[in-house]
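K.L.:
Okay, so here is entry_21.txt, and as you'll see once you scroll down, it has compact mmCIF, C-alpha atoms.
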# COMPACT_ATOMS: atom_id res chain seq x y z
CA MET A 1 146.44 -49.53 5.53
CA SER A 2 146.62 -48.72 9.23
CA LEU A 3 149.49 -49.90 11.39
CA ARG A 4 148.95 -50.46 15.10
CA MET A 5 152.09 -49.56 16.98
CA PRO A 6 152.79 -50.66 20.55
CA ALA A 7 152.98 -47.90 23.07
CA CYS A 8 156.15 -46.82 24.83
CA ASP A 9 157.18 -48.27 28.17
CA ARG A 10 156.17 -45.39 30.47
CA THR A 11 157.85 -46.96 33.48
CA LEU A 12 161.32 -47.00 31.99
CA GLY A 13 160.77 -44.31 29.43
CA ASN A 14 162.05 -46.58 26.64
CA ASP A 15 160.50 -47.22 23.27
CA VAL A 16 159.73 -50.94 23.22
CA ARG A 17 158.20 -50.96 19.80
CA PRO A 18 159.72 -53.31 17.18
CA PRO A 19 162.71 -51.87 15.27
CA ARG A 20 160.72 -51.74 12.03
CA VAL A 21 158.06 -49.58 13.67
CA ARG A 22 160.63 -47.26 15.26
CA ALA A 23 162.38 -46.84 11.91
CA LEU A 24 159.06 -46.14 10.23
CA ARG A 25 158.15 -43.48 12.79
CA SER A 26 161.60 -41.86 12.62
CA ALA A 27 161.48 -41.81 8.86
CA MET A 28 158.07 -40.13 8.88
CA LEU A 29 159.10 -37.56 11.49
CA GLY A 30 162.33 -36.80 9.61
CA ALA A 31 160.45 -35.68 6.54
CA SER A 32 158.76 -32.33 6.14
CA GLY A 33 156.42 -30.61 3.73
CA THR A 34 156.48 -32.12 0.28
CA GLY A 35 158.79 -34.92 1.49
CA LEU A 36 155.98 -36.68 3.43
CA VAL A 37 155.00 -38.97 0.58
CA ARG A 38 158.63 -39.91 0.06
CA ALA A 39 158.93 -40.61 3.77
CA LEU A 40 155.92 -42.93 3.68
CA ARG A 41 157.41 -44.83 0.76
CA ALA A 42 160.77 -45.23 2.43
CA GLY A 43 159.16 -46.16 5.73
CA THR A 44 157.07 -48.81 4.00
CA GLN A 45 160.25 -50.22 2.49
CA VAL A 46 161.68 -50.42 6.00
CA TRP A 47 158.61 -52.26 7.25
CA LEU A 48 158.35 -54.68 4.34
CA TRP A 49 162.04 -55.48 4.09
CA GLY A 50 162.26 -55.95 7.85
CA SER A 51 159.31 -58.36 7.80
CA ARG A 52 161.20 -60.53 5.36
CA GLY A 53 164.02 -60.96 7.79
CA ARG A 54 166.41 -58.45 6.30
CA SER A 55 168.67 -56.40 8.51
CA LEU A 56 167.93 -52.75 7.83
CA THR A 57 168.89 -50.17 10.40
CA LEU A 58 167.63 -46.66 10.89
CA PRO A 59 170.65 -44.95 9.27
CA HIS A 60 169.92 -46.84 6.07
CA ALA A 61 166.31 -45.66 6.13
CA ALA A 62 167.33 -42.08 6.81
CA ARG A 63 169.88 -42.15 4.02
CA GLY A 64 167.19 -43.34 1.63
CA LEU A 65 164.92 -40.50 2.72
CA HIS A 66 167.39 -37.68 2.30
CA ALA A 67 168.44 -38.85 -1.15
CA GLY A 68 165.94 -36.53 -2.74
CA ASP A 69 166.49 -37.82 -6.22
CA TRP A 70 165.20 -41.31 -5.44
CA ARG A 71 162.33 -42.47 -7.59
CA PRO A 72 160.82 -45.92 -8.15
CA SER A 73 160.90 -47.41 -11.62
CA ALA A 74 158.26 -49.53 -13.27
CA GLY A 75 158.20 -53.25 -13.16
CA ARG A 76 159.35 -55.80 -10.67
CA GLY A 77 162.89 -56.96 -10.17
CA PRO A 78 164.94 -59.12 -7.88
CA LEU A 79 166.07 -58.21 -4.44
CA GLU A 80 169.52 -56.76 -4.06
CA ARG A 81 172.04 -59.55 -4.56
CA ARG A 82 174.33 -59.83 -1.62
CA PRO A 83 177.77 -61.40 -1.77
CA SER A 84 178.02 -65.11 -1.12
CA LEU A 85 178.35 -65.81 2.59
CA PRO A 86 181.81 -67.42 2.65
CA ALA A 87 183.37 -64.65 0.56
CA ALA A 88 181.63 -61.90 2.51
CA ALA A 89 182.71 -63.53 5.78
CA ILE A 90 186.35 -63.40 4.68
CA VAL A 91 186.13 -59.70 3.96
CA ASN A 92 184.17 -58.82 7.10
CA SER A 93 186.44 -60.80 9.39
CA ALA A 94 189.60 -59.20 8.03
CA PRO A 95 191.28 -56.31 9.89
CA ARG A 96 189.47 -53.06 9.14
CA PRO A 97 192.42 -51.36 7.34
CA LEU A 98 192.61 -54.36 5.00
CA GLN A 99 188.93 -54.50 4.08
CA PRO A 100 188.99 -51.73 1.42
CA TYR A 101 191.74 -53.59 -0.44
CA LEU A 102 189.79 -56.84 -0.34
CA ARG A 103 186.73 -55.04 -1.70
CA LEU A 104 188.91 -53.48 -4.38
CA MET A 105 189.80 -57.02 -5.46
CA ARG A 106 186.06 -57.91 -5.46
CA LEU A 107 186.98 -60.75 -3.14
CA ASP A 108 183.45 -60.60 -1.76
CA LYS A 109 182.01 -61.21 -5.26
CA PRO A 110 183.61 -64.39 -6.64
CA ILE A 111 181.12 -64.87 -9.50
CA GLY A 112 180.52 -61.22 -10.36
CA GLU A 113 178.08 -58.54 -9.36
CA CYS A 114 174.78 -57.17 -10.46
CA GLY A 115 175.12 -53.47 -11.14
CA ARG A 116 171.77 -52.54 -9.58
CA MET A 117 170.68 -51.78 -6.05
CA TRP A 118 166.90 -51.53 -5.63
CA ARG A 119 164.07 -54.04 -5.73
CA SER A 120 162.08 -52.53 -8.56
CA GLY A 121 162.74 -51.71 -12.16
CA GLY A 122 164.71 -54.58 -13.70
CA CYS A 123 167.67 -55.06 -11.43
CA GLY A 124 166.63 -51.71 -9.99
CA ARG A 125 167.96 -48.17 -9.97
CA SER A 126 169.53 -46.29 -7.20
CA GLY A 127 167.92 -43.07 -8.31
CA SER A 128 170.76 -40.71 -9.18
CA GLU A 129 171.45 -40.02 -12.79
CA VAL A 130 174.41 -38.95 -14.84
CA ARG A 131 174.11 -36.63 -17.81
CA LYS A 132 176.30 -37.52 -20.75
CA PRO A 133 177.40 -34.42 -22.63
CA GLY A 134 175.66 -34.07 -25.95
CA LEU A 135 172.62 -36.15 -25.00
CA GLY A 136 169.23 -34.58 -24.51
CA ARG A 137 168.14 -36.98 -21.76
CA GLN A 138 169.43 -38.23 -18.46
CA VAL A 139 171.39 -41.47 -18.39
CA PRO A 140 170.39 -43.64 -15.42
CA ASN A 141 173.16 -44.63 -13.08
CA THR A 142 172.89 -48.26 -14.12
CA VAL A 143 175.13 -47.32 -17.05
CA LYS A 144 178.55 -48.93 -16.98
CA THR A 145 181.75 -47.90 -18.61
CA PRO A 146 183.57 -50.24 -21.03
CA GLU A 147 185.85 -51.50 -18.29
CA GLN A 148 183.23 -52.10 -15.58
CA GLY A 149 182.36 -55.52 -16.96
CA TYR A 150 186.01 -56.52 -16.99
CA LEU A 151 187.01 -59.77 -15.26
CA ARG A 152 183.52 -60.52 -13.96
CA GLY A 153 184.21 -63.64 -11.96
CA THR A 154 187.10 -65.55 -10.47
CA TRP A 155 185.23 -68.79 -11.03
CA LEU A 156 184.76 -68.18 -14.74
CA LEU A 157 188.46 -67.42 -15.02
CA TYR A 158 189.52 -70.43 -12.98
CA LEU A 159 187.33 -73.22 -14.33
CA PRO A 160 188.94 -73.55 -17.81
CA CYS A 161 192.26 -74.02 -15.98
CA THR A 162 190.79 -76.91 -14.01
CA TRP A 163 189.58 -78.58 -17.19
CA SER A 164 193.01 -78.69 -18.77
CA ILE A 165 194.73 -79.72 -15.53
CA GLY A 166 192.22 -82.54 -15.12
CA LEU A 167 192.66 -83.73 -18.71
CA ALA A 168 196.45 -83.70 -18.30
CA ALA A 169 196.31 -86.11 -15.33
CA GLU A 170 197.56 -89.66 -15.75
CA PRO A 171 194.86 -92.33 -16.37
CA GLY A 172 193.30 -93.44 -13.10
CA CYS A 173 194.68 -90.46 -11.18
CA PHE A 174 193.15 -87.35 -9.70
CA PRO A 175 194.25 -83.96 -11.04
CA ASP A 176 197.40 -82.44 -9.62
CA TRP A 177 196.14 -80.70 -6.48
CA TYR A 178 199.23 -78.53 -6.30
CA MET A 179 198.54 -77.19 -9.78
CA LEU A 180 194.85 -76.65 -8.99
CA SER A 181 195.73 -74.61 -5.92
CA LEU A 182 198.43 -72.70 -7.78
CA PHE A 183 196.08 -71.75 -10.59
CA GLY A 184 193.34 -70.90 -8.10
CA THR A 185 195.68 -68.46 -6.41
CA GLY A 186 196.65 -67.00 -9.76
CA ALA A 187 192.99 -66.56 -10.77
CA VAL A 188 192.22 -64.61 -7.59
CA LEU A 189 195.26 -62.38 -8.04
CA MET A 190 194.71 -61.66 -11.72
CA ARG A 191 191.03 -60.94 -11.29
CA GLY A 192 191.88 -58.64 -8.39
CA ALA A 193 194.50 -56.85 -10.47
CA GLY A 194 191.98 -56.39 -13.29
CA CYS A 195 189.40 -54.91 -10.92
CA THR A 196 192.02 -52.58 -9.45
CA ILE A 197 192.97 -51.31 -12.91
CA ASN A 198 189.29 -50.88 -13.72
CA ASP A 199 188.60 -48.77 -10.63
CA MET A 200 191.72 -46.67 -11.16
CA TRP A 201 190.62 -45.83 -14.70
CA ASP A 202 187.01 -45.11 -13.70
CA GLN A 203 187.39 -43.38 -10.34
CA ASP A 204 186.11 -40.00 -11.60
CA TYR A 205 183.12 -41.64 -13.25
CA ASP A 206 182.39 -43.84 -10.23
CA LYS A 207 182.13 -40.81 -7.93
CA LYS A 208 179.14 -39.55 -9.93
CA VAL A 209 177.19 -42.80 -9.76
CA THR A 210 175.50 -43.95 -6.58
CA ARG A 211 176.03 -47.68 -7.07
CA THR A 212 179.78 -47.23 -7.69
CA ALA A 213 180.43 -44.30 -5.35
CA SER A 214 181.11 -46.70 -2.48
CA ARG A 215 183.99 -48.40 -4.29
CA PRO A 216 187.18 -47.93 -2.27
CA ILE A 217 188.98 -45.56 -4.63
CA ALA A 218 185.91 -43.50 -5.52
CA ALA A 219 184.91 -43.25 -1.85
CA GLY A 220 188.38 -42.08 -0.84
CA ASP A 221 189.11 -45.14 1.31
CA ILE A 222 192.18 -45.78 -0.84
CA SER A 223 194.20 -43.15 -2.70
CA THR A 224 195.30 -43.53 -6.30
CA PHE A 225 198.89 -43.98 -5.18
CA GLN A 226 197.90 -46.66 -2.67
CA SER A 227 195.90 -48.51 -5.31
CA PHE A 228 198.84 -48.32 -7.69
CA VAL A 229 201.15 -49.80 -5.05
CA PHE A 230 198.53 -52.46 -4.30
CA LEU A 231 198.28 -53.27 -8.02
CA GLY A 232 202.04 -53.70 -8.16
CA GLY A 233 201.86 -56.08 -5.21
CA GLN A 234 199.16 -58.19 -6.86
CA LEU A 235 201.04 -58.39 -10.15
CA THR A 236 204.24 -59.28 -8.31
CA LEU A 237 202.49 -62.14 -6.50
CA ALA A 238 200.90 -63.28 -9.77
CA LEU A 239 204.36 -63.28 -11.36
CA GLY A 240 205.56 -65.39 -8.43
CA VAL A 241 202.83 -67.93 -9.20
CA LEU A 242 203.78 -67.96 -12.88
CA LEU A 243 207.45 -68.52 -12.05
CA CYS A 244 206.49 -71.74 -10.26
CA LEU A 245 205.72 -73.24 -13.69
CA ASN A 246 208.03 -74.52 -16.41
CA TYR A 247 209.69 -72.17 -18.90
CA TYR A 248 207.23 -73.01 -21.68
CA SER A 249 204.31 -72.07 -19.43
CA ILE A 250 206.01 -68.88 -18.26
CA ALA A 251 206.34 -67.71 -21.85
CA LEU A 252 202.78 -68.80 -22.64
CA GLY A 253 201.42 -66.95 -19.60
CA ALA A 254 203.32 -63.78 -20.47
CA ALA A 255 201.83 -63.89 -23.98
CA SER A 256 198.35 -63.40 -22.51
CA LEU A 257 199.20 -59.91 -21.23
CA LEU A 258 198.40 -58.39 -24.63
CA LEU A 259 194.86 -59.76 -24.39
CA VAL A 260 194.50 -58.54 -20.83
CA ILE A 261 195.52 -55.01 -21.81
CA THR A 262 193.45 -54.72 -25.00
CA TYR A 263 190.21 -56.37 -23.92
CA PRO A 264 188.76 -53.36 -22.02
CA LEU A 265 188.94 -51.28 -25.22
CA MET A 266 187.06 -53.75 -27.40
CA LYS A 267 183.59 -52.58 -26.41
CA ARG A 268 184.33 -49.22 -27.98
CA ILE A 269 185.38 -50.51 -31.38
CA THR A 270 183.59 -53.80 -32.09
CA TYR A 271 180.28 -55.59 -31.49
CA TRP A 272 182.27 -58.67 -30.47
CA PRO A 273 183.89 -57.71 -27.14
CA GLN A 274 182.60 -61.02 -25.77
CA LEU A 275 184.92 -62.79 -28.21
CA ALA A 276 187.87 -60.81 -26.86
CA LEU A 277 186.78 -61.76 -23.34
CA GLY A 278 186.65 -65.42 -24.38
CA LEU A 279 190.17 -65.30 -25.77
CA THR A 280 191.35 -63.77 -22.47
CA PHE A 281 189.37 -65.77 -19.93
CA ASN A 282 190.10 -69.18 -21.42
CA TRP A 283 193.86 -68.83 -21.77
CA GLY A 284 194.10 -71.14 -18.78
CA ALA A 285 192.85 -73.97 -20.98
CA LEU A 286 196.22 -73.80 -22.72
CA LEU A 287 198.30 -72.92 -19.69
CA GLY A 288 196.98 -75.67 -17.41
CA TRP A 289 197.93 -78.45 -19.81
CA SER A 290 201.39 -77.05 -20.49
CA ALA A 291 202.02 -76.62 -16.76
CA VAL A 292 201.49 -80.36 -16.24
CA LYS A 293 202.84 -81.78 -19.51
CA GLY A 294 205.56 -79.25 -20.35
CA SER A 295 204.00 -78.14 -23.65
CA CYS A 296 200.65 -77.90 -25.41
CA ASP A 297 199.14 -80.79 -27.36
CA PRO A 298 197.23 -79.07 -30.21
CA SER A 299 194.82 -82.00 -30.60
CA VAL A 300 193.58 -81.45 -27.05
CA CYS A 301 194.38 -77.85 -26.14
CA LEU A 302 193.04 -76.10 -29.23
CA PRO A 303 189.54 -77.65 -29.21
CA LEU A 304 189.40 -77.17 -25.44
CA TYR A 305 190.33 -73.50 -25.85
CA PHE A 306 187.74 -73.13 -28.62
CA SER A 307 185.03 -74.71 -26.47
CA GLY A 308 185.83 -72.26 -23.66
CA ILE A 309 185.53 -69.32 -26.05
CA MET A 310 182.11 -70.57 -27.18
CA TRP A 311 181.07 -70.92 -23.55
CA THR A 312 182.13 -67.34 -22.84
CA LEU A 313 180.14 -66.09 -25.82
CA ILE A 314 177.09 -67.80 -24.32
CA TYR A 315 177.25 -66.51 -20.77
CA ASP A 316 178.62 -63.05 -21.56
CA THR A 317 176.05 -62.37 -24.26
CA ILE A 318 173.38 -63.20 -21.68
CA TYR A 319 175.12 -60.89 -19.21
CA ALA A 320 175.30 -58.08 -21.79
CA HIS A 321 171.52 -58.12 -22.25
CA GLN A 322 171.20 -56.60 -18.77
CA ASP A 323 172.79 -53.37 -19.95
CA LYS A 324 171.91 -53.24 -23.64
CA ARG A 325 169.75 -50.12 -23.35
CA ASP A 326 172.38 -48.19 -21.47
CA ASP A 327 175.15 -49.44 -23.75
CA ALA A 328 173.23 -48.30 -26.82
CA LEU A 329 172.56 -44.92 -25.25
CA ILE A 330 176.22 -44.11 -24.63
CA GLY A 331 177.57 -45.77 -27.78
CA LEU A 332 179.07 -49.00 -26.43
CA LYS A 333 178.88 -52.24 -28.37
CA SER A 334 178.15 -55.86 -27.47
CA THR A 335 176.89 -59.09 -28.97
CA ALA A 336 173.58 -58.45 -27.21
CA LEU A 337 173.09 -55.35 -29.37
CA LEU A 338 174.30 -57.21 -32.44
CA PHE A 339 172.10 -60.30 -32.06
CA ARG A 340 169.00 -58.57 -30.65
CA GLU A 341 165.95 -60.83 -31.07
CA ASP A 342 168.07 -63.51 -32.76
CA THR A 343 170.05 -64.07 -29.56
CA LYS A 344 168.64 -67.53 -28.83
CA GLN A 345 169.56 -68.78 -32.31
CA TRP A 346 173.12 -67.54 -31.88
CA LEU A 347 173.38 -69.03 -28.40
CA SER A 348 172.14 -72.36 -29.72
CA GLY A 349 174.84 -72.29 -32.38
CA PHE A 350 177.50 -71.52 -29.77
CA THR A 351 176.22 -74.40 -27.64
CA VAL A 352 176.49 -76.88 -30.51
CA ALA A 353 180.02 -75.66 -31.26
CA MET A 354 181.02 -75.89 -27.59
CA LEU A 355 179.71 -79.43 -27.14
CA GLY A 356 181.21 -80.52 -30.46
CA ALA A 357 184.65 -79.20 -29.46
CA LEU A 358 184.44 -80.87 -26.03
CA SER A 359 183.44 -84.14 -27.69
CA LEU A 360 186.47 -83.87 -29.98
CA VAL A 361 188.65 -83.35 -26.90
CA GLY A 362 187.21 -86.52 -25.40
CA VAL A 363 187.86 -88.55 -28.53
CA ASN A 364 191.42 -87.28 -28.92
CA ILE A 365 192.35 -88.03 -25.32
CA GLY A 366 190.40 -91.28 -24.96
CA GLN A 367 187.82 -90.13 -22.42
CA THR A 368 185.22 -92.50 -21.00
CA VAL A 369 181.53 -92.77 -20.13
CA PRO A 370 181.43 -90.32 -17.17
CA TYR A 371 182.90 -87.58 -19.34
CA TYR A 372 180.28 -87.94 -22.06
CA THR A 373 177.55 -88.20 -19.42
CA ALA A 374 178.71 -84.85 -18.07
CA LEU A 375 178.59 -83.38 -21.58
CA ALA A 376 175.01 -84.61 -21.95
CA ALA A 377 174.12 -82.92 -18.65
CA VAL A 378 175.80 -79.70 -19.80
CA GLY A 379 173.86 -79.84 -23.06
CA ALA A 380 170.57 -80.26 -21.21
CA HIS A 381 171.47 -77.42 -18.83
CA LEU A 382 172.31 -75.06 -21.68
CA ALA A 383 169.22 -76.05 -23.66
CA HIS A 384 167.01 -75.26 -20.68
CA GLN A 385 168.96 -72.07 -20.02
CA ILE A 386 168.51 -70.79 -23.56
CA TYR A 387 164.89 -71.96 -23.92
CA THR A 388 163.73 -70.22 -20.74
CA LEU A 389 165.88 -67.10 -21.18
CA ASP A 390 164.02 -63.81 -21.28
CA ILE A 391 166.43 -61.30 -22.75
CA HIS A 392 164.13 -58.43 -21.78
CA ARG A 393 164.25 -59.22 -18.04
CA PRO A 394 167.62 -58.23 -16.52
CA GLU A 395 167.02 -60.31 -13.41
CA ASP A 396 166.49 -63.43 -15.51
CA CYS A 397 169.64 -62.70 -17.49
CA TRP A 398 171.56 -62.40 -14.21
CA ASP A 399 170.22 -65.73 -12.94
CA LYS A 400 171.15 -67.48 -16.18
CA PHE A 401 174.60 -65.90 -16.14
CA THR A 402 175.42 -67.03 -12.61
CA SER A 403 174.25 -70.59 -13.33
CA ASN A 404 177.20 -71.03 -15.69
CA ARG A 405 179.46 -71.78 -12.75
CA THR A 406 177.47 -75.00 -12.41
CA ILE A 407 178.23 -75.83 -16.04
CA GLY A 408 181.95 -75.39 -15.51
CA LEU A 409 181.89 -77.57 -12.41
CA ILE A 410 179.94 -80.32 -14.19
CA ILE A 411 182.55 -80.43 -16.95
CA PHE A 412 185.37 -80.62 -14.41
CA LEU A 413 183.63 -83.41 -12.50
CA GLY A 414 183.09 -85.32 -15.75
CA ILE A 415 186.77 -84.97 -16.62
CA VAL A 416 187.90 -86.25 -13.21
CA LEU A 417 185.48 -89.21 -13.12
CA GLY A 418 186.20 -90.03 -16.75
CA ASN A 419 189.89 -90.12 -16.02
CA LEU A 420 189.42 -92.41 -13.01
CA TRP A 421 187.25 -94.69 -15.17
CA LYS A 422 190.20 -95.21 -17.49
CA GLU A 423 191.93 -97.32 -14.83
CA LYS A 424 189.05 -99.80 -14.80
CA GLU A 425 189.14 -100.10 -18.58
CA THR A 426 192.91 -100.56 -18.51
CA ASP A 427 192.65 -103.37 -15.93
CA LYS A 428 189.93 -105.06 -17.96
CA THR A 429 192.03 -104.84 -21.12
CA LYS A 430 195.04 -106.38 -19.34
CA LYS A 431 192.92 -109.29 -18.13
CA ASN A 432 191.66 -109.92 -21.67
CA ILE A 433 195.22 -109.91 -23.00
CA ASP A 434 196.38 -112.29 -20.28
CA ASN A 435 193.49 -114.66 -20.99
CA ARG A 436 194.34 -114.70 -24.68
CA VAL A 437 197.99 -115.44 -23.92
CA GLU A 438 197.03 -118.33 -21.63
CA ASN A 439 194.69 -119.78 -24.23
Taking this structure as input, can you express it in the form of structure tokens?
P.N.:
Amino acid sequence: MSLRMPACDRTLGNDVRPPRVRALRSAMLGASGTGLVRALRAGTQVWLWGSRGRSLTLPHAARGLHAGDWRPSAGRGPLERRPSLPAAAIVNSAPRPLQPYLRLMRLDKPIGECGRMWRSGGCGRSGSEVRKPGLGRQVPNTVKTPEQGYLRGTWLLYLPCTWSIGLAAEPGCFPDWYMLSLFGTGAVLMRGAGCTINDMWDQDYDKKVTRTASRPIAAGDISTFQSFVFLGGQLTLALGVLLCLNYYSIALGAASLLLVITYPLMKRITYWPQLALGLTFNWGALLGWSAVKGSCDPSVCLPLYFSGIMWTLIYDTIYAHQDKRDDALIGLKSTALLFREDTKQWLSGFTVAMLGALSLVGVNIGQTVPYYTALAAVGAHLAHQIYTLDIHRPEDCWDKFTSNRTIGLIIFLGIVLGNLWKEKETDKTKKNIDNRVEN
């Protein structure tokens, strides 16, 4: 394919060609000898990505060229997933010295992150590889350590809290907005603390992997001591949030620390680390109710907690299928490796258990039509999610995983509307009683 490039402006001596063309030319000129083919490939990437409206400057192209170990992988995958705009805007607009700390908290990735960088080859590979001692082959840099999947999304941590706070509201009333904001703050802080611990543990490993080498600690933007101080600050603020609750809730929240500490180790010793994640992530289903009511009601809190665990088993098993080959190669365990081709059957069973538990919650608390309508919508969403899931396509697994935020929001909306509906039923019941008395 020939590319016609506009000539330079001889009058002013400036190159007026489009940025994509200038980057292509610079990339080709920057290569020599055997690197010409690699230069053409990288230059083509510059041209194609630029034509799709992506911002790609010359330094990025040059960096791709000089990374001599880059190689394309077979198959097609999704484009690099960028952080959501509001979250990224918060990080980018912050003072420059503060930005590494915000990235350390993953504040620019509220739902999680895909651990790949390039367009091709599943979610893609960045090219560099890490050799694991004792293995006869290279391990691609898409491999993650047991802790790298830890606390994947603030939303998935926060939503079970909103369910229990919504259910604890008085009939006909909205949820306690103060509690929702308090728990939202706590979710951000605890997820940030978990990511900080993760990066402190894995800093030596992260330096060897291209996709993690830019993390603040691994890149040297933050020292280990600074990250430790920052971790202490996050935990102190999280403790401040917890102390705003009643004594029962303070004790209940402190009890979750054991789960938080032990979860990262589970992938090394059991094929059910997703169960440990579910026990950890859904603790807010207990804590939210007790924060409003003063204590837990087992008839509501336990089935709600169980339904959250089932939900976590669904979305985290899907997530784990992205990395099953790498996990198997380095000896890590997951439900994806356990279920294999029977994954859809297991996910269907988890879905039935989740919906059954949520229905029991509705019966025990006297929920109304909007709540059960929301459960029907969730059931349809999960059925479509599982039916169309391709466990052998990492990009499809990622899309299904991220769609679970929608499920959590639908349940919360159903709880709120169902609670408001109770007021109408109560008024209608009072009118019937008054009519009977008059008659």
K.L.:
If we draw a sphere of 10 Å around (178.7, -72.8, -16.0), which residues have at least one atom in it when counting only C-alpha atoms? Please report them as JSON, numbers by chain.
P.N.:
{"A": [155, 156, 159, 311, 312, 314, 315, 378, 381, 382, 400, 401, 402, 403, 404, 405, 406, 407, 408, 409, 410, 411]}
K.L.:
Interatomic distance between CA of Tyr101 (chain A) and CA of Gln234 (chain A)?
P.N.:
10.8 Å
K.L.:
Restricting the calculation to only C-alpha atoms, which member of A:Gly288, A:Pro100, A:Pro273, A:Pro216 is positioned closest to Asp176 (chain A)?
P.N.:
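Closest residue, counting only C-alpha atoms: A:Gly288.
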K.L.:
At a cut-off of 10 Å, using all atoms listed in the file, what residues contact Arg103 (chain A)? Leave out same-chain residues fewer than 2 positions from it and give the result as a PDB file with C-alpha atoms, in the coordinates of the input.
P.N.:
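What ended up in out.pdb:
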ATOM      1  CA  ALA A  88     181.630 -61.900   2.510  1.00  0.00           C
ATOM      2  CA  VAL A  91     186.130 -59.700   3.960  1.00  0.00           C
ATOM      3  CA  ASN A  92     184.170 -58.820   7.100  1.00  0.00           C
ATOM      4  CA  LEU A  98     192.610 -54.360   5.000  1.00  0.00           C
ATOM      5  CA  GLN A  99     188.930 -54.500   4.080  1.00  0.00           C
ATOM      6  CA  PRO A 100     188.990 -51.730   1.420  1.00  0.00           C
ATOM      7  CA  TYR A 101     191.740 -53.590  -0.440  1.00  0.00           C
ATOM      8  CA  MET A 105     189.800 -57.020  -5.460  1.00  0.00           C
ATOM      9  CA  ARG A 106     186.060 -57.910  -5.460  1.00  0.00           C
ATOM     10  CA  LEU A 107     186.980 -60.750  -3.140  1.00  0.00           C
ATOM     11  CA  ASP A 108     183.450 -60.600  -1.760  1.00  0.00           C
ATOM     12  CA  LYS A 109     182.010 -61.210  -5.260  1.00  0.00           C
ATOM     13  CA  GLY A 192     191.880 -58.640  -8.390  1.00  0.00           C
ATOM     14  CA  CYS A 195     189.400 -54.910 -10.920  1.00  0.00           C
ATOM     15  CA  THR A 196     192.020 -52.580  -9.450  1.00  0.00           C
ATOM     16  CA  ARG A 215     183.990 -48.400  -4.290  1.00  0.00           C
ATOM     17  CA  PRO A 216     187.180 -47.930  -2.270  1.00  0.00           C
TER      18      PRO A 216
END
K.L.:
Give me, as a VMD selection string, all polymer residues having an atom no more than 12 Å from Tyr372 (chain A), counting all atoms listed in the file and skipping those fewer than 3 positions away in the same chain.
P.N.:
chain A and resid 355 to 356 358 to 363 366 to 369 375 to 379 410 to 419 421
K.L.:
Using all atoms listed in the file, can you tell me which of A:Met266, A:Leu277, A:Leu189, A:Ile197 comes closest to Leu242 (chain A)?
P.N.:
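Smallest separation from Leu242 (chain A) among the options: A:Leu189.
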K.L.:
Quick one: everything within 12 Å of Gly184 (chain A), counting only C-alpha atoms, minus sequence neighbours fewer than 6 positions away in the same chain. Send it as a ChimeraX atom specification.
P.N.:
/A:110,154-162,165,177-178,190-191,238,241-242,284,288
